[in-house]
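J.: Below: one structure in structure tokens.
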Amino acid sequence: MAGATTYQLDWQGPLALVASGKDYFLDSPAAQRPGIYMWAFEYHQGYLIYGAGLTTRPLASRIREDLRSIRSGEWTVLDGPSAQSGVRREFWHGMWATYNTPARQAERAARRVEIERAADAMLSHMRVFLANLPPDKRVLGRVEAAIMNLLYAGASPICDLPDKGMHLEPRRPDERAMTMLSRAGVTLHGLPSSFEA
């Protein structure tokens, strides 16, 4: 479309989510600025994307919050080795809307240590990719939605790994398309080098 805005997604990563002395996400300059991030697992000479997120704050702040949500069992915990094989196997489903019942809250409390251990194991296998963009919530929301919808529409196992039912804000019919140019030093399965948001 003539006059479409173009943004460059220069992905920094894969970065570790657990401090190990090398490639830790908090050490990346990109983590100190706003943008888009993607969780991923190493898979077939590349990475299989689990999900995308956004923030108008520093990426480091948002990712630290997400890590707490995973470790507390508020969010879903996957088996890391299974995810690296392209298989979604849940250890714990998370406290999403219809699952957030008093009985499951009690179960989460009773299994707190077990869930934390499983979450730590998952996070040791997971990597994060960061791309800085201006702190425009509408732009970020459209990019997040475009990435997730590409994953949902992908072939198996690309479409199998991500959580379903995310609140997404894709491009509205009255909005002009944005062209996203995606560049990473590794293969990101299911994410083309150019897509619209």
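Ligands are numbered from 1 in the order shown, chains are lettered A, B, ... in the order of the structure tokens, and residues start at 1 in each chain.
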From the DSSP assignment of the backbone, select every residue of range 102-141 of chain A that is alpha helix (DSSP H), and format the answer as a PyMOL selection string.
T.: chain A and resi 102-110+112-125+137-141
J.: May I have a table of the residues of range 95-149 of chain A lying at most 8 Å from range 50-59 of chain A, giving each one's closest pair of atoms and their distance in Å to one decimal, counting only C-alpha atoms, ordered by chain and ascending residue number, as a tab-separated table?
T.:
residue	atom	partner	partner_atom	distance
A:Leu130	CA	A:Leu59	CA	7.7
A:Pro134	CA	A:Thr56	CA	7.7
A:Pro135	CA	A:Thr56	CA	4.5
A:Asp136	CA	A:Thr56	CA	6.8
A:Lys137	CA	A:Thr56	CA	6.5
A:Leu140	CA	A:Leu54	CA	6.1
A:Gly141	CA	A:Leu54	CA	7.0
A:Glu144	CA	A:Ala52	CA	5.9
A:Ile147	CA	A:Ala52	CA	7.0
A:Met148	CA	A:Ala52	CA	6.6
J.: Could those residues be written to a file, using C-alpha atoms, as a short mmCIF file (atom, residue, chain, number, x, y, z; two decimals), in the first residue's frame?
T.:
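Printed below is part-v6.cif as written:
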data_model
loop_
_atom_site.label_atom_id
_atom_site.label_comp_id
_atom_site.auth_asym_id
_atom_site.auth_seq_id
_atom_site.Cartn_x
_atom_site.Cartn_y
_atom_site.Cartn_z
CA LEU A 130 14.07 -8.42 22.02
CA PRO A 134 8.92 3.47 19.86
CA PRO A 135 6.64 3.37 22.94
CA ASP A 136 3.45 3.69 20.90
CA LYS A 137 0.93 1.27 22.44
CA LEU A 140 3.17 -2.34 19.61
CA GLY A 141 -0.26 -3.96 19.94
CA GLU A 144 2.24 -8.35 18.83
CA ILE A 147 3.21 -12.12 15.23
CA MET A 148 0.77 -14.23 17.23
#
J.: Looking only at strand (DSSP E or B) from DSSP on the backbone, list the matching residues of range 6-103 of chain A as a ChimeraX atom specification.
T.: /A:6-10,12-16,24,35-43,46-55,77-78,90-92
J.: Write the residues of the preceding selection, restricted to C-alpha atoms, as a PDB file, in the first residue's frame.
T.:
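part-v3.pdb, freshly written:
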ATOM      1  CA  THR A   6       7.847   0.544   7.703  1.00  0.00           C
ATOM      2  CA  TYR A   7       9.455  -0.583  10.949  1.00  0.00           C
ATOM      3  CA  GLN A   8      12.610  -2.634  11.397  1.00  0.00           C
ATOM      4  CA  LEU A   9      12.565  -5.422  13.985  1.00  0.00           C
ATOM      5  CA  ASP A  10      16.231  -6.052  14.764  1.00  0.00           C
ATOM      6  CA  GLN A  12      18.535  -9.232  19.873  1.00  0.00           C
ATOM      7  CA  GLY A  13      18.880 -12.839  20.958  1.00  0.00           C
ATOM      8  CA  PRO A  14      18.641 -15.613  21.732  1.00  0.00           C
ATOM      9  CA  LEU A  15      19.111 -14.366  25.274  1.00  0.00           C
ATOM     10  CA  ALA A  16      18.972 -16.464  28.437  1.00  0.00           C
ATOM     11  CA  TYR A  24      21.667 -12.906  29.935  1.00  0.00           C
ATOM     12  CA  GLY A  35       9.485  -2.761  22.330  1.00  0.00           C
ATOM     13  CA  ILE A  36       8.437  -6.294  21.472  1.00  0.00           C
ATOM     14  CA  TYR A  37       9.735  -9.549  22.917  1.00  0.00           C
ATOM     15  CA  MET A  38       9.294 -13.200  22.007  1.00  0.00           C
ATOM     16  CA  TRP A  39       9.732 -16.339  24.106  1.00  0.00           C
ATOM     17  CA  ALA A  40      11.220 -19.242  22.128  1.00  0.00           C
ATOM     18  CA  PHE A  41      12.715 -22.716  22.373  1.00  0.00           C
ATOM     19  CA  GLU A  42      15.634 -23.998  20.325  1.00  0.00           C
ATOM     20  CA  TYR A  43      14.309 -26.257  17.585  1.00  0.00           C
ATOM     21  CA  GLY A  46      16.496 -22.329  14.791  1.00  0.00           C
ATOM     22  CA  TYR A  47      13.901 -21.312  17.340  1.00  0.00           C
ATOM     23  CA  LEU A  48      10.235 -22.179  17.757  1.00  0.00           C
ATOM     24  CA  ILE A  49       8.300 -19.189  19.102  1.00  0.00           C
ATOM     25  CA  TYR A  50       6.107 -19.749  22.152  1.00  0.00           C
ATOM     26  CA  GLY A  51       4.663 -16.258  22.380  1.00  0.00           C
ATOM     27  CA  ALA A  52       5.097 -12.521  21.912  1.00  0.00           C
ATOM     28  CA  GLY A  53       4.578  -9.591  24.233  1.00  0.00           C
ATOM     29  CA  LEU A  54       4.912  -5.821  24.267  1.00  0.00           C
ATOM     30  CA  THR A  55       5.751  -3.000  26.607  1.00  0.00           C
ATOM     31  CA  VAL A  77       4.288 -23.851  32.703  1.00  0.00           C
ATOM     32  CA  LEU A  78       5.464 -26.110  29.875  1.00  0.00           C
ATOM     33  CA  GLU A  90       1.765 -28.585  30.035  1.00  0.00           C
ATOM     34  CA  PHE A  91       3.028 -29.174  33.541  1.00  0.00           C
ATOM     35  CA  TRP A  92       0.604 -26.561  34.887  1.00  0.00           C
TER      36      TRP A  92
END
J.: Within 10 Å of range 152-157 of chain A, counting only C-alpha atoms, which residues qualify if same-chain residues fewer than 5 places away don't, as an MDAnalysis selection string?
T.: chainID A and resid 48:49 83 85:88 146:147 162:164 189:191
J.: With distances taken over only C-alpha atoms, which of A:Phe129, A:Trp75, A:Phe25, A:Trp11 is nearest to Asn100 in chain A?
T.: A:Trp75
J.: Find, counting only C-alpha atoms, the residue in A:Ile158, A:Ala145, A:Ile115, A:Ala60 that gets nearest to Leu188 in chain A.
T.: A:Ile158
J.: What does the distance between CA of Ser20 in chain A and CA of Glu116 in chain A come to in Å, to one decimal place?
T.: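 Going from CA of Ser20 in chain A over to CA of Glu116 in chain A, I get 18.3 Å.
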J.: One decimal, in Å: what's the spacing between CA of Ala30 in chain A and CA of Leu181 in chain A?
T.: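 The value is 17.4 Å.
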J.: Do you have the CA of Leu26 in chain A-CA of Pro81 in chain A distance handy?
T.: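 Those two atoms sit 24.0 Å apart.
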J.: Go through A:Ser194, A:Ser72, A:Ser124, A:Thr98 one by one, measure the shortest atom-to-atom distance of each to Leu17 in chain A using only C-alpha atoms, and give the residue with the smallest value.
T.: A:Ser124
J.: Find, counting only C-alpha atoms, the residue in A:Val139, A:Gly185, A:Ser193, A:Gln105 that gets nearest to Pro170 in chain A.
T.: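 Between A:Val139, A:Gly185, A:Ser193, A:Gln105, the residue approaching Pro170 in chain A most closely is A:Val139.
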